[in-house]
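Asks: Next comes the structure file target-v3.pdb, holding PDB, C-alpha atoms.
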ATOM      1  CA  MET A   1     -35.885  -9.340 -23.752
ATOM      2  CA  SER A   2     -32.244  -8.763 -23.009
ATOM      3  CA  PHE A   3     -30.746 -10.575 -20.123
ATOM      4  CA  ASP A   4     -28.243  -8.759 -17.952
ATOM      5  CA  HIS A   5     -25.488 -10.950 -16.569
ATOM      6  CA  ARG A   6     -24.320  -9.445 -13.380
ATOM      7  CA  ASP A   7     -22.442 -10.647 -10.332
ATOM      8  CA  ASP A   8     -21.021  -7.823  -8.263
ATOM      9  CA  THR A   9     -19.818 -10.087  -5.453
ATOM     10  CA  GLY A  10     -18.024 -12.241  -8.004
ATOM     11  CA  ALA A  11     -16.464  -9.142  -9.571
ATOM     12  CA  ARG A  12     -15.189  -7.983  -6.187
ATOM     13  CA  PHE A  13     -13.861 -11.435  -5.343
ATOM     14  CA  GLY A  14     -12.027 -11.501  -8.676
ATOM     15  CA  MET A  15     -10.445  -8.169  -7.766
ATOM     16  CA  TRP A  16      -9.380  -9.521  -4.375
ATOM     17  CA  LEU A  17      -7.785 -12.554  -6.067
ATOM     18  CA  PHE A  18      -5.863 -10.219  -8.361
ATOM     19  CA  LEU A  19      -4.743  -8.153  -5.370
ATOM     20  CA  TYR A  20      -3.394 -11.309  -3.689
ATOM     21  CA  THR A  21      -1.130 -11.841  -6.701
ATOM     22  CA  GLU A  22       0.018  -8.231  -6.356
ATOM     23  CA  VAL A  23       0.864  -8.877  -2.704
ATOM     24  CA  ILE A  24       2.909 -11.925  -3.743
ATOM     25  CA  LEU A  25       4.727  -9.751  -6.314
ATOM     26  CA  PHE A  26       5.715  -7.143  -3.727
ATOM     27  CA  SER A  27       6.470  -9.839  -1.146
ATOM     28  CA  GLY A  28       9.240 -11.146  -3.386
ATOM     29  CA  LEU A  29      10.898  -7.743  -3.116
ATOM     30  CA  PHE A  30      10.332  -7.544   0.638
ATOM     31  CA  LEU A  31      11.830 -11.027   0.979
ATOM     32  CA  LEU A  32      14.967  -9.856  -0.854
ATOM     33  CA  TYR A  33      15.043  -6.894   1.527
ATOM     34  CA  ALA A  34      14.791  -9.176   4.586
ATOM     35  CA  ILE A  35      17.607 -11.425   3.356
ATOM     36  CA  ALA A  36      19.894  -8.455   2.662
ATOM     37  CA  LEU A  37      19.004  -6.933   6.062
ATOM     38  CA  VAL A  38      20.154 -10.138   7.765
ATOM     39  CA  ASN A  39      23.395 -10.146   5.762
ATOM     40  CA  PHE A  40      24.259  -6.419   5.953
ATOM     41  CA  PRO A  41      22.574  -5.078   9.119
ATOM     42  CA  GLN A  42      25.017  -2.198   9.624
ATOM     43  CA  ASP A  43      25.036  -1.116   5.970
ATOM     44  CA  TYR A  44      21.235  -1.062   5.942
ATOM     45  CA  ILE A  45      21.174   1.333   8.893
ATOM     46  CA  THR A  46      23.751   3.601   7.229
ATOM     47  CA  ALA A  47      21.842   3.553   3.944
ATOM     48  CA  SER A  48      18.436   4.114   5.567
ATOM     49  CA  ASN A  49      19.794   7.176   7.366
ATOM     50  CA  LYS A  50      20.582   8.730   3.982
ATOM     51  CA  LEU A  51      16.857   8.770   3.137
ATOM     52  CA  ASN A  52      14.821  11.748   4.273
ATOM     53  CA  VAL A  53      12.259  10.543   6.852
ATOM     54  CA  TRP A  54      10.078  13.633   6.321
ATOM     55  CA  PHE A  55       9.607  12.980   2.608
ATOM     56  CA  GLY A  56       8.533   9.452   3.509
ATOM     57  CA  ALA A  57       6.299  10.573   6.386
ATOM     58  CA  ALA A  58       4.645  13.270   4.245
ATOM     59  CA  ASN A  59       3.918  10.723   1.529
ATOM     60  CA  THR A  60       2.483   8.340   4.140
ATOM     61  CA  VAL A  61       0.022  11.017   5.266
ATOM     62  CA  VAL A  62      -0.835  11.804   1.623
ATOM     63  CA  LEU A  63      -1.560   8.150   0.789
ATOM     64  CA  LEU A  64      -3.551   7.479   3.982
ATOM     65  CA  THR A  65      -5.660  10.552   3.244
ATOM     66  CA  SER A  66      -6.214   9.458  -0.365
ATOM     67  CA  SER A  67      -7.369   6.058   0.917
ATOM     68  CA  LEU A  68      -9.841   7.915   3.121
ATOM     69  CA  THR A  69     -11.201  10.035   0.250
ATOM     70  CA  ILE A  70     -11.755   7.031  -2.047
ATOM     71  CA  ALA A  71     -13.393   5.073   0.807
ATOM     72  CA  LEU A  72     -15.719   8.050   1.415
ATOM     73  CA  ALA A  73     -16.475   8.135  -2.325
ATOM     74  CA  ILE A  74     -17.992   4.618  -2.062
ATOM     75  CA  THR A  75     -20.314   5.703   0.756
ATOM     76  CA  ALA A  76     -21.215   8.817  -1.268
ATOM     77  CA  ILE A  77     -22.216   6.807  -4.357
ATOM     78  CA  GLN A  78     -24.164   4.317  -2.215
ATOM     79  CA  ARG A  79     -26.122   7.264  -0.822
ATOM     80  CA  ASN A  80     -26.567   8.650  -4.343
ATOM     81  CA  GLN A  81     -24.575  11.817  -3.553
ATOM     82  CA  ILE A  82     -23.022  11.903  -7.020
ATOM     83  CA  ARG A  83     -21.540  15.427  -6.788
ATOM     84  CA  LEU A  84     -19.754  14.560  -3.521
ATOM     85  CA  CYS A  85     -18.586  11.222  -4.914
ATOM     86  CA  LEU A  86     -17.001  12.961  -7.916
ATOM     87  CA  ASN A  87     -15.270  15.547  -5.747
ATOM     88  CA  LEU A  88     -13.848  12.785  -3.565
ATOM     89  CA  CYS A  89     -12.569  10.945  -6.662
ATOM     90  CA  TRP A  90     -10.840  14.092  -7.919
ATOM     91  CA  ALA A  91      -9.389  14.698  -4.452
ATOM     92  CA  THR A  92      -7.934  11.171  -4.506
ATOM     93  CA  ILE A  93      -6.344  11.808  -7.901
ATOM     94  CA  ALA A  94      -4.972  15.169  -6.719
ATOM     95  CA  LEU A  95      -3.367  13.413  -3.728
ATOM     96  CA  ALA A  96      -1.866  10.809  -6.071
ATOM     97  CA  VAL A  97      -0.302  13.657  -8.061
ATOM     98  CA  VAL A  98       1.024  15.238  -4.850
ATOM     99  CA  PHE A  99       2.575  11.872  -3.956
ATOM    100  CA  LEU A 100       4.317  11.608  -7.324
ATOM    101  CA  ILE A 101       5.580  15.235  -7.225
ATOM    102  CA  ASN A 102       6.967  14.573  -3.746
ATOM    103  CA  LYS A 103       8.669  11.436  -5.103
ATOM    104  CA  TYR A 104      10.126  13.462  -7.985
ATOM    105  CA  PHE A 105      11.777  15.929  -5.588
ATOM    106  CA  GLU A 106      12.984  13.138  -3.325
ATOM    107  CA  TRP A 107      14.557  11.130  -6.143
ATOM    108  CA  SER A 108      16.061  14.253  -7.758
ATOM    109  CA  HIS A 109      17.749  15.005  -4.462
ATOM    110  CA  GLU A 110      19.150  11.486  -4.132
ATOM    111  CA  ILE A 111      20.295  11.359  -7.736
ATOM    112  CA  SER A 112      22.035  14.742  -7.268
ATOM    113  CA  LEU A 113      23.981  13.118  -4.401
ATOM    114  CA  GLY A 114      25.139  10.461  -6.881
ATOM    115  CA  ILE A 115      22.859   7.769  -5.441
ATOM    116  CA  TYR A 116      21.203   5.901  -8.298
ATOM    117  CA  PRO A 117      21.508   2.310  -9.574
ATOM    118  CA  ALA A 118      25.003   1.507 -10.896
ATOM    119  CA  SER A 119      26.388   4.944  -9.957
ATOM    120  CA  PRO A 120      30.140   5.315  -9.174
ATOM    121  CA  THR A 121      29.259   6.704  -5.700
ATOM    122  CA  LEU A 122      27.288   3.570  -4.816
ATOM    123  CA  LEU A 123      30.073   1.356  -6.126
ATOM    124  CA  GLU A 124      32.445   2.913  -3.597
ATOM    125  CA  MET A 125      29.958   2.378  -0.758
ATOM    126  CA  GLY A 126      30.098  -1.414  -1.096
ATOM    127  CA  PRO A 127      27.609  -4.233  -1.761
ATOM    128  CA  GLY A 128      25.381  -3.722   1.316
ATOM    129  CA  ILE A 129      24.458  -0.089   0.641
ATOM    130  CA  THR A 130      24.245  -0.787  -3.092
ATOM    131  CA  SER A 131      21.724  -3.576  -2.501
ATOM    132  CA  PHE A 132      19.679  -1.278  -0.244
ATOM    133  CA  PHE A 133      19.396   1.451  -2.865
ATOM    134  CA  ASN A 134      18.824  -0.949  -5.762
ATOM    135  CA  LEU A 135      15.926  -2.508  -3.849
ATOM    136  CA  TYR A 136      14.707   0.928  -2.753
ATOM    137  CA  TYR A 137      14.559   2.241  -6.321
ATOM    138  CA  PHE A 138      12.981  -0.948  -7.635
ATOM    139  CA  THR A 139      10.332  -1.323  -4.899
ATOM    140  CA  ALA A 140       9.460   2.376  -4.683
ATOM    141  CA  GLY A 141       9.517   2.573  -8.491
ATOM    142  CA  LEU A 142       7.124  -0.362  -8.871
ATOM    143  CA  HIS A 143       4.955   1.197  -6.166
ATOM    144  CA  GLY A 144       5.038   4.565  -7.971
ATOM    145  CA  LEU A 145       3.908   2.816 -11.158
ATOM    146  CA  HIS A 146       0.953   1.419  -9.198
ATOM    147  CA  VAL A 147       0.116   4.925  -7.948
ATOM    148  CA  LEU A 148       0.047   6.122 -11.560
ATOM    149  CA  ILE A 149      -2.121   3.193 -12.745
ATOM    150  CA  GLY A 150      -4.485   3.574  -9.773
ATOM    151  CA  ALA A 151      -4.938   7.302 -10.402
ATOM    152  CA  VAL A 152      -5.698   6.699 -14.111
ATOM    153  CA  LEU A 153      -8.194   3.957 -13.167
ATOM    154  CA  ILE A 154      -9.995   6.257 -10.725
ATOM    155  CA  ALA A 155     -10.049   9.051 -13.332
ATOM    156  CA  VAL A 156     -11.672   6.732 -15.902
ATOM    157  CA  VAL A 157     -14.298   5.569 -13.391
ATOM    158  CA  ALA A 158     -14.935   9.163 -12.243
ATOM    159  CA  VAL A 159     -15.745  10.119 -15.851
ATOM    160  CA  MET A 160     -18.144   7.144 -15.991
ATOM    161  CA  VAL A 161     -19.773   8.359 -12.770
ATOM    162  CA  ALA A 162     -20.158  11.823 -14.305
ATOM    163  CA  LYS A 163     -21.745  10.308 -17.438
ATOM    164  CA  GLY A 164     -24.127   8.200 -15.350
ATOM    165  CA  LYS A 165     -22.616   4.864 -16.396
ATOM    166  CA  VAL A 166     -21.597   4.122 -12.821
ATOM    167  CA  THR A 167     -24.556   4.800 -10.527
ATOM    168  CA  SER A 168     -25.762   4.249  -6.976
ATOM    169  CA  GLU A 169     -27.405   1.080  -8.317
ATOM    170  CA  ARG A 170     -24.310  -0.235 -10.038
ATOM    171  CA  TYR A 171     -20.945   0.894  -8.742
ATOM    172  CA  VAL A 172     -18.770  -2.235  -8.620
ATOM    173  CA  LEU A 173     -16.242  -0.584 -10.977
ATOM    174  CA  LEU A 174     -15.707   2.205  -8.453
ATOM    175  CA  GLU A 175     -15.437  -0.373  -5.658
ATOM    176  CA  ASN A 176     -12.790  -2.353  -7.540
ATOM    177  CA  SER A 177     -10.754   0.757  -8.412
ATOM    178  CA  ALA A 178     -10.934   1.740  -4.753
ATOM    179  CA  LEU A 179      -9.715  -1.744  -3.745
ATOM    180  CA  TYR A 180      -6.740  -1.314  -6.092
ATOM    181  CA  TRP A 181      -6.038   2.092  -4.592
ATOM    182  CA  HIS A 182      -6.098   0.683  -1.046
ATOM    183  CA  LEU A 183      -3.553  -1.954  -2.108
ATOM    184  CA  VAL A 184      -1.205   0.869  -3.146
ATOM    185  CA  ASP A 185      -1.686   2.266   0.348
ATOM    186  CA  LEU A 186      -1.068  -1.153   1.958
ATOM    187  CA  VAL A 187       2.251  -1.615   0.150
ATOM    188  CA  TRP A 188       3.395   1.841   1.266
ATOM    189  CA  ILE A 189       2.427   1.071   4.896
ATOM    190  CA  PHE A 190       5.163  -1.614   4.885
ATOM    191  CA  LEU A 191       7.591   0.122   2.538
ATOM    192  CA  PHE A 192       7.798   3.308   4.614
ATOM    193  CA  PRO A 193       9.053   1.901   7.963
ATOM    194  CA  LEU A 194      11.317  -0.702   6.337
ATOM    195  CA  TYR A 195      13.163   1.725   4.086
ATOM    196  CA  TYR A 196      12.991   5.039   5.935
ATOM    197  CA  LEU A 197      12.942   4.114   9.607
ATOM    198  CA  ILE A 198      15.659   1.516  10.148
ATOM    199  CA  ILE A 199      18.079   2.733  12.811
TER     200      ILE A 199
ATOM    201  CA  MET B 200     -31.567 -12.214  -9.299
ATOM    202  CA  THR B 201     -31.053  -9.275  -7.011
ATOM    203  CA  GLU B 202     -27.554  -8.370  -5.944
ATOM    204  CA  GLU B 203     -26.712  -8.336  -2.282
ATOM    205  CA  LYS B 204     -25.741  -4.824  -1.383
ATOM    206  CA  HIS B 205     -23.617  -3.621   1.501
ATOM    207  CA  GLU B 206     -25.002  -1.085   3.889
ATOM    208  CA  PRO B 207     -23.041   2.162   3.351
ATOM    209  CA  VAL B 208     -20.315   2.596   5.977
ATOM    210  CA  SER B 209     -20.792   5.949   7.716
ATOM    211  CA  TYR B 210     -18.450   8.854   6.915
ATOM    212  CA  ARG B 211     -17.738   9.011  10.638
ATOM    213  CA  THR B 212     -16.351   5.454  10.779
ATOM    214  CA  PHE B 213     -13.990   6.153   7.888
ATOM    215  CA  ILE B 214     -12.758   9.435   9.376
ATOM    216  CA  ILE B 215     -12.113   7.845  12.797
ATOM    217  CA  THR B 216     -10.183   5.013  11.081
ATOM    218  CA  TRP B 217      -8.125   7.609   9.199
ATOM    219  CA  ILE B 218      -7.269   9.437  12.448
ATOM    220  CA  VAL B 219      -6.174   6.153  14.077
ATOM    221  CA  LEU B 220      -3.997   5.421  11.015
ATOM    222  CA  LEU B 221      -2.340   8.859  11.320
ATOM    223  CA  VAL B 222      -1.708   8.313  15.036
ATOM    224  CA  LEU B 223      -0.132   4.917  14.319
ATOM    225  CA  THR B 224       2.094   6.552  11.680
ATOM    226  CA  GLY B 225       3.201   9.023  14.358
ATOM    227  CA  VAL B 226       3.947   6.109  16.683
ATOM    228  CA  THR B 227       6.201   4.375  14.104
ATOM    229  CA  VAL B 228       8.106   7.580  13.349
ATOM    230  CA  GLY B 229       8.400   8.318  17.077
ATOM    231  CA  VAL B 230       9.660   4.848  18.044
ATOM    232  CA  ALA B 231      12.242   4.984  15.229
ATOM    233  CA  GLN B 232      13.924   7.948  16.957
ATOM    234  CA  PHE B 233      15.117   5.609  19.727
ATOM    235  CA  ASP B 234      17.493   2.708  19.269
ATOM    236  CA  PHE B 235      16.122  -0.479  20.838
ATOM    237  CA  GLY B 236      18.341  -2.703  18.697
ATOM    238  CA  ALA B 237      16.706  -5.480  16.683
ATOM    239  CA  ILE B 238      13.356  -4.865  18.411
ATOM    240  CA  ASN B 239      12.890  -1.695  16.311
ATOM    241  CA  VAL B 240      12.128  -3.714  13.167
ATOM    242  CA  TRP B 241       9.599  -5.864  15.013
ATOM    243  CA  ILE B 242       7.823  -2.838  16.494
ATOM    244  CA  ALA B 243       7.719  -1.259  13.016
ATOM    245  CA  LEU B 244       6.279  -4.463  11.514
ATOM    246  CA  THR B 245       3.692  -4.842  14.291
ATOM    247  CA  VAL B 246       2.462  -1.270  13.866
ATOM    248  CA  ALA B 247       2.448  -1.675  10.062
ATOM    249  CA  SER B 248       0.406  -4.888  10.378
ATOM    250  CA  SER B 249      -2.150  -3.149  12.598
ATOM    251  CA  LYS B 250      -2.449  -0.341  10.046
ATOM    252  CA  ALA B 251      -2.814  -2.904   7.259
ATOM    253  CA  ALA B 252      -5.592  -4.661   9.202
ATOM    254  CA  LEU B 253      -7.489  -1.363   9.581
ATOM    255  CA  VAL B 254      -7.192  -0.626   5.853
ATOM    256  CA  LEU B 255      -8.266  -4.170   4.922
ATOM    257  CA  PHE B 256     -11.236  -4.500   7.259
ATOM    258  CA  VAL B 257     -12.621  -0.949   7.231
ATOM    259  CA  PHE B 258     -11.478   0.897   4.091
ATOM    260  CA  MET B 259     -11.643  -2.207   1.886
ATOM    261  CA  HIS B 260     -14.981  -3.322   3.428
ATOM    262  CA  LEU B 261     -13.633  -6.780   4.308
ATOM    263  CA  ARG B 262     -15.770  -6.681   7.481
ATOM    264  CA  GLN B 263     -18.905  -6.708   5.332
ATOM    265  CA  GLU B 264     -17.777  -9.382   2.883
ATOM    266  CA  SER B 265     -18.639 -13.077   3.159
ATOM    267  CA  VAL B 266     -16.452 -15.745   4.778
ATOM    268  CA  LEU B 267     -15.036 -16.629   1.343
ATOM    269  CA  PHE B 268     -13.180 -13.284   1.170
ATOM    270  CA  LYS B 269     -11.730 -13.707   4.657
ATOM    271  CA  VAL B 270     -10.629 -17.292   3.969
ATOM    272  CA  GLY B 271      -8.997 -16.020   0.751
ATOM    273  CA  LEU B 272      -6.953 -13.507   2.731
ATOM    274  CA  LEU B 273      -5.964 -16.206   5.229
ATOM    275  CA  VAL B 274      -4.832 -18.560   2.438
ATOM    276  CA  MET B 275      -2.721 -15.759   0.941
ATOM    277  CA  LEU B 276      -1.124 -14.956   4.315
ATOM    278  CA  VAL B 277      -0.348 -18.631   5.035
ATOM    279  CA  THR B 278       1.243 -18.912   1.569
ATOM    280  CA  LEU B 279       3.392 -15.870   2.363
ATOM    281  CA  ILE B 280       4.444 -17.252   5.748
ATOM    282  CA  ILE B 281       5.413 -20.563   4.134
ATOM    283  CA  PHE B 282       7.554 -19.017   1.425
ATOM    284  CA  ILE B 283       9.210 -16.442   3.655
ATOM    285  CA  GLY B 284       9.676 -18.941   6.493
ATOM    286  CA  LEU B 285      11.150 -21.644   4.288
ATOM    287  CA  THR B 286      13.563 -19.143   2.719
ATOM    288  CA  PHE B 287      14.800 -18.170   6.163
ATOM    289  CA  THR B 288      15.423 -21.784   7.192
ATOM    290  CA  ASP B 289      18.059 -21.607   4.448
ATOM    291  CA  ILE B 290      19.368 -18.047   4.953
ATOM    292  CA  LEU B 291      19.840 -18.194   8.729
ATOM    293  CA  TYR B 292      21.827 -21.442   8.691
ATOM    294  CA  ARG B 293      24.308 -20.709   5.943
ATOM    295  CA  GLU B 294      27.935 -20.481   6.992
ATOM    296  CA  VAL B 295      29.128 -18.176   4.228
ATOM    297  CA  LEU B 296      27.244 -16.501   1.432
ATOM    298  CA  PRO B 297      28.459 -17.679  -1.960
TER     299      PRO B 297
END
Output the file's structure as structure tokens, nothing else.

Replies:
Amino acid sequence: MSFDHRDDTGARFGMWLFLYTEVILFSGLFLLYAIALVNFPQDYITASNKLNVWFGAANTVVLLTSSLTIALAITAIQRNQIRLCLNLCWATIALAVVFLINKYFEWSHEISLGIYPASPTLLEMGPGITSFFNLYYFTAGLHGLHVLIGAVLIAVVAVMVAKGKVTSERYVLLENSALYWHLVDLVWIFLFPLYYLII
Amino acid sequence: MTEEKHEPVSYRTFIITWIVLLVLTGVTVGVAQFDFGAINVWIALTVASSKAALVLFVFMHLRQESVLFKVGLLVMLVTLIIFIGLTFTDILYREVLP
């Protein structure tokens, strides 16, 4: 007789512990932001005004909606609506792709204006604006990397759902991927107002 | 041993939460069009924290988890407050930046 070791609550708690370390990671960057904001308040307003609020707002709506679709996917698998669960997973991934395409256009625009780390244009603008954009590229870049990882994770789990390896009886993998995805959303909830909306 | 399972959260609850999150996003963007001075950042952070709480408790099912999960979150937040707070006791009282 084979014995199945299984502890879904433990698995979820482990994921939460990992997410706390992720929060600490991003908090380091937000702390740097706060210190620079105190030191260069005027420069931060000038720099923030150079970012396009509508790109940021559109991406906020995209991420909030993707958090909704993956949350709905959990309810769907709990109710054994596998087809619906899969569609919601693919919708989440599609929204992740939309987010990254949006980011591509946004960054292309900024780079075309000569705003990128260590660019001559930034050098002329002084240390305050330079620190804003360095932190912006680093934080948003690290966040973008998380979007990519989260989307891949959800894709892998969606394939397992399709193959019947993740079922309405055993779906902790989908729950943990969803938790990771919500963290990506949480980081953006703070990143968006701090970088795009300072006036 | 049987696993404790959560009751599925209704689709309705999630969709209402999503609408509230969108409204709050509108509020932050709206408030940022007016200059209230330093208060702007605090309004933005308050709205962002409310949105974060909605995502944590509803989308991430924290409401349904045991006390252990909630205490874990609290410990993490207190840690954050300590390290951000202590840093600022330095930053705010420096005469000149090196």

Asks: Ser27 of chain A: which residues within 10 Å, counting all atoms listed in the file, same-chain residues fewer than 3 positions away excluded, as a PDB file with C-alpha atoms, in the coordinates of the input?

Replies:
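Here's the written file around_19.pdb:
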ATOM      1  CA  THR A  21      -1.130 -11.841  -6.701  1.00  0.00           C
ATOM      2  CA  GLU A  22       0.018  -8.231  -6.356  1.00  0.00           C
ATOM      3  CA  VAL A  23       0.864  -8.877  -2.704  1.00  0.00           C
ATOM      4  CA  ILE A  24       2.909 -11.925  -3.743  1.00  0.00           C
ATOM      5  CA  PHE A  30      10.332  -7.544   0.638  1.00  0.00           C
ATOM      6  CA  LEU A  31      11.830 -11.027   0.979  1.00  0.00           C
ATOM      7  CA  LEU A  32      14.967  -9.856  -0.854  1.00  0.00           C
ATOM      8  CA  TYR A  33      15.043  -6.894   1.527  1.00  0.00           C
ATOM      9  CA  VAL A 187       2.251  -1.615   0.150  1.00  0.00           C
TER      10      VAL A 187
ATOM     11  CA  LEU B 279       3.392 -15.870   2.363  1.00  0.00           C
ATOM     12  CA  PHE B 282       7.554 -19.017   1.425  1.00  0.00           C
ATOM     13  CA  ILE B 283       9.210 -16.442   3.655  1.00  0.00           C
TER      14      ILE B 283
END

Asks: Go through A:Thr46, A:Ser67, A:Asn134, A:Ser177 one by one, measure the shortest atom-to-atom distance of each to chain B using all atoms listed in the file, and give the residue with the smallest value.

Replies: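 So, comparing all the options, the nearest one is A:Ser67.
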
Asks: Counting all atoms listed in the file, find the residues whose atoms lie at most 10 Å from (-2.9, -0.6, 10.4) (file coordinates) and write them out as a ChimeraX atom specification.

Replies: /A:186,189-190 /B:216-217,219-221,223-224,245-256

Asks: Point out the residue among A:Leu194, A:Ile199, A:Leu135, A:Thr9 with the least atom-to-atom distance to Gln263 of chain B, counting all atoms listed in the file.

Replies: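 Comparing A:Leu194, A:Ile199, A:Leu135, A:Thr9 against Gln263 of chain B, the winner is A:Thr9.
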
Asks: Would you write out, as a list in words, every residue that the PyMOL selection byres ((chain A and resi 174) around 8) captures in this file?

Replies: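 That selection, the PyMOL selection byres ((chain A and resi 174) around 8), comes back as Ile74, Ile154, Val157, Ala158, Val166, Tyr171, Val172, Leu173, Glu175, Asn176, Ser177 and Ala178 of chain A.
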
Asks: Counting all atoms listed in the file, figure out which residue out of A:Ser168, A:Thr121, A:Ser108, A:Ser131 gets nearest to chain B.

Replies: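 Counting all atoms listed in the file, the residue closest to chain B is A:Ser168.
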
Asks: Rounded to one decimal place, report the atom CA of Asn49 of chain A-atom CA of Ile280 of chain B distance in Å.

Replies: 28.9 Å

Asks: Would you give me, as JSON lines, each residue of chain B having an atom within 9 Å of an atom of chain A, along with its shortest atom pair and that distance in Å to one decimal, using only C-alpha atoms and sorting by chain and residue number?

Replies:
{"residue": "B:Met200", "atom": "CA", "partner": "A:Arg6", "partner_atom": "CA", "distance": 8.8}
{"residue": "B:Glu202", "atom": "CA", "partner": "A:Asp8", "partner_atom": "CA", "distance": 7.0}
{"residue": "B:Glu203", "atom": "CA", "partner": "A:Thr9", "partner_atom": "CA", "distance": 7.8}
{"residue": "B:Lys204", "atom": "CA", "partner": "A:Asp8", "partner_atom": "CA", "distance": 8.9}
{"residue": "B:His205", "atom": "CA", "partner": "A:Gln78", "partner_atom": "CA", "distance": 8.8}
{"residue": "B:Glu206", "atom": "CA", "partner": "A:Gln78", "partner_atom": "CA", "distance": 8.2}
{"residue": "B:Pro207", "atom": "CA", "partner": "A:Thr75", "partner_atom": "CA", "distance": 5.2}
{"residue": "B:Val208", "atom": "CA", "partner": "A:Thr75", "partner_atom": "CA", "distance": 6.1}
{"residue": "B:Ser209", "atom": "CA", "partner": "A:Thr75", "partner_atom": "CA", "distance": 7.0}
{"residue": "B:Tyr210", "atom": "CA", "partner": "A:Leu72", "partner_atom": "CA", "distance": 6.2}
{"residue": "B:Phe213", "atom": "CA", "partner": "A:Leu68", "partner_atom": "CA", "distance": 6.6}
{"residue": "B:Ile214", "atom": "CA", "partner": "A:Leu68", "partner_atom": "CA", "distance": 7.1}
{"residue": "B:Thr216", "atom": "CA", "partner": "A:Leu68", "partner_atom": "CA", "distance": 8.5}
{"residue": "B:Trp217", "atom": "CA", "partner": "A:Leu68", "partner_atom": "CA", "distance": 6.3}
{"residue": "B:Leu220", "atom": "CA", "partner": "A:Leu64", "partner_atom": "CA", "distance": 7.3}
{"residue": "B:Leu221", "atom": "CA", "partner": "A:Val61", "partner_atom": "CA", "distance": 6.8}
{"residue": "B:Thr224", "atom": "CA", "partner": "A:Thr60", "partner_atom": "CA", "distance": 7.8}
{"residue": "B:Gly225", "atom": "CA", "partner": "A:Ala57", "partner_atom": "CA", "distance": 8.7}
{"residue": "B:Thr227", "atom": "CA", "partner": "A:Pro193", "partner_atom": "CA", "distance": 7.2}
{"residue": "B:Val228", "atom": "CA", "partner": "A:Leu197", "partner_atom": "CA", "distance": 7.0}
{"residue": "B:Ala231", "atom": "CA", "partner": "A:Leu197", "partner_atom": "CA", "distance": 5.7}
{"residue": "B:Gln232", "atom": "CA", "partner": "A:Ile199", "partner_atom": "CA", "distance": 7.9}
{"residue": "B:Phe233", "atom": "CA", "partner": "A:Ile199", "partner_atom": "CA", "distance": 8.1}
{"residue": "B:Asp234", "atom": "CA", "partner": "A:Ile199", "partner_atom": "CA", "distance": 6.5}
{"residue": "B:Phe235", "atom": "CA", "partner": "A:Ile199", "partner_atom": "CA", "distance": 8.9}
{"residue": "B:Gly236", "atom": "CA", "partner": "A:Ile199", "partner_atom": "CA", "distance": 8.0}
{"residue": "B:Asn239", "atom": "CA", "partner": "A:Ile198", "partner_atom": "CA", "distance": 7.5}
{"residue": "B:Val240", "atom": "CA", "partner": "A:Ile198", "partner_atom": "CA", "distance": 7.0}
{"residue": "B:Ala243", "atom": "CA", "partner": "A:Pro193", "partner_atom": "CA", "distance": 6.1}
{"residue": "B:Leu244", "atom": "CA", "partner": "A:Phe190", "partner_atom": "CA", "distance": 7.3}
{"residue": "B:Ala247", "atom": "CA", "partner": "A:Phe190", "partner_atom": "CA", "distance": 5.8}
{"residue": "B:Ser248", "atom": "CA", "partner": "A:Phe190", "partner_atom": "CA", "distance": 8.0}
{"residue": "B:Lys250", "atom": "CA", "partner": "A:Ile189", "partner_atom": "CA", "distance": 7.2}
{"residue": "B:Ala251", "atom": "CA", "partner": "A:Leu186", "partner_atom": "CA", "distance": 5.8}
{"residue": "B:Val254", "atom": "CA", "partner": "A:His182", "partner_atom": "CA", "distance": 7.1}
{"residue": "B:Leu255", "atom": "CA", "partner": "A:His182", "partner_atom": "CA", "distance": 8.0}
{"residue": "B:Val257", "atom": "CA", "partner": "A:Ala71", "partner_atom": "CA", "distance": 8.8}
{"residue": "B:Phe258", "atom": "CA", "partner": "A:Ala71", "partner_atom": "CA", "distance": 5.6}
{"residue": "B:Met259", "atom": "CA", "partner": "A:Leu179", "partner_atom": "CA", "distance": 6.0}
{"residue": "B:His260", "atom": "CA", "partner": "A:Ala71", "partner_atom": "CA", "distance": 8.9}
{"residue": "B:Glu264", "atom": "CA", "partner": "A:Thr9", "partner_atom": "CA", "distance": 8.6}
{"residue": "B:Leu267", "atom": "CA", "partner": "A:Phe13", "partner_atom": "CA", "distance": 8.5}
{"residue": "B:Phe268", "atom": "CA", "partner": "A:Phe13", "partner_atom": "CA", "distance": 6.8}
{"residue": "B:Gly271", "atom": "CA", "partner": "A:Leu17", "partner_atom": "CA", "distance": 7.7}
{"residue": "B:Leu272", "atom": "CA", "partner": "A:Tyr20", "partner_atom": "CA", "distance": 7.7}
{"residue": "B:Met275", "atom": "CA", "partner": "A:Tyr20", "partner_atom": "CA", "distance": 6.5}
{"residue": "B:Thr278", "atom": "CA", "partner": "A:Ile24", "partner_atom": "CA", "distance": 8.9}
{"residue": "B:Leu279", "atom": "CA", "partner": "A:Ile24", "partner_atom": "CA", "distance": 7.3}
{"residue": "B:Ile283", "atom": "CA", "partner": "A:Leu31", "partner_atom": "CA", "distance": 6.6}
{"residue": "B:Thr286", "atom": "CA", "partner": "A:Leu31", "partner_atom": "CA", "distance": 8.5}
{"residue": "B:Phe287", "atom": "CA", "partner": "A:Ile35", "partner_atom": "CA", "distance": 7.8}
{"residue": "B:Ile290", "atom": "CA", "partner": "A:Ile35", "partner_atom": "CA", "distance": 7.0}
{"residue": "B:Leu291", "atom": "CA", "partner": "A:Val38", "partner_atom": "CA", "distance": 8.1}
{"residue": "B:Leu296", "atom": "CA", "partner": "A:Asn39", "partner_atom": "CA", "distance": 8.6}

Asks: State, in Å with one decimal place, the distance from atom CA of Leu95 of chain A to atom CA of Val156 of chain A.

Replies: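 Separation of atom CA of Leu95 of chain A and atom CA of Val156 of chain A: 16.2 Å.
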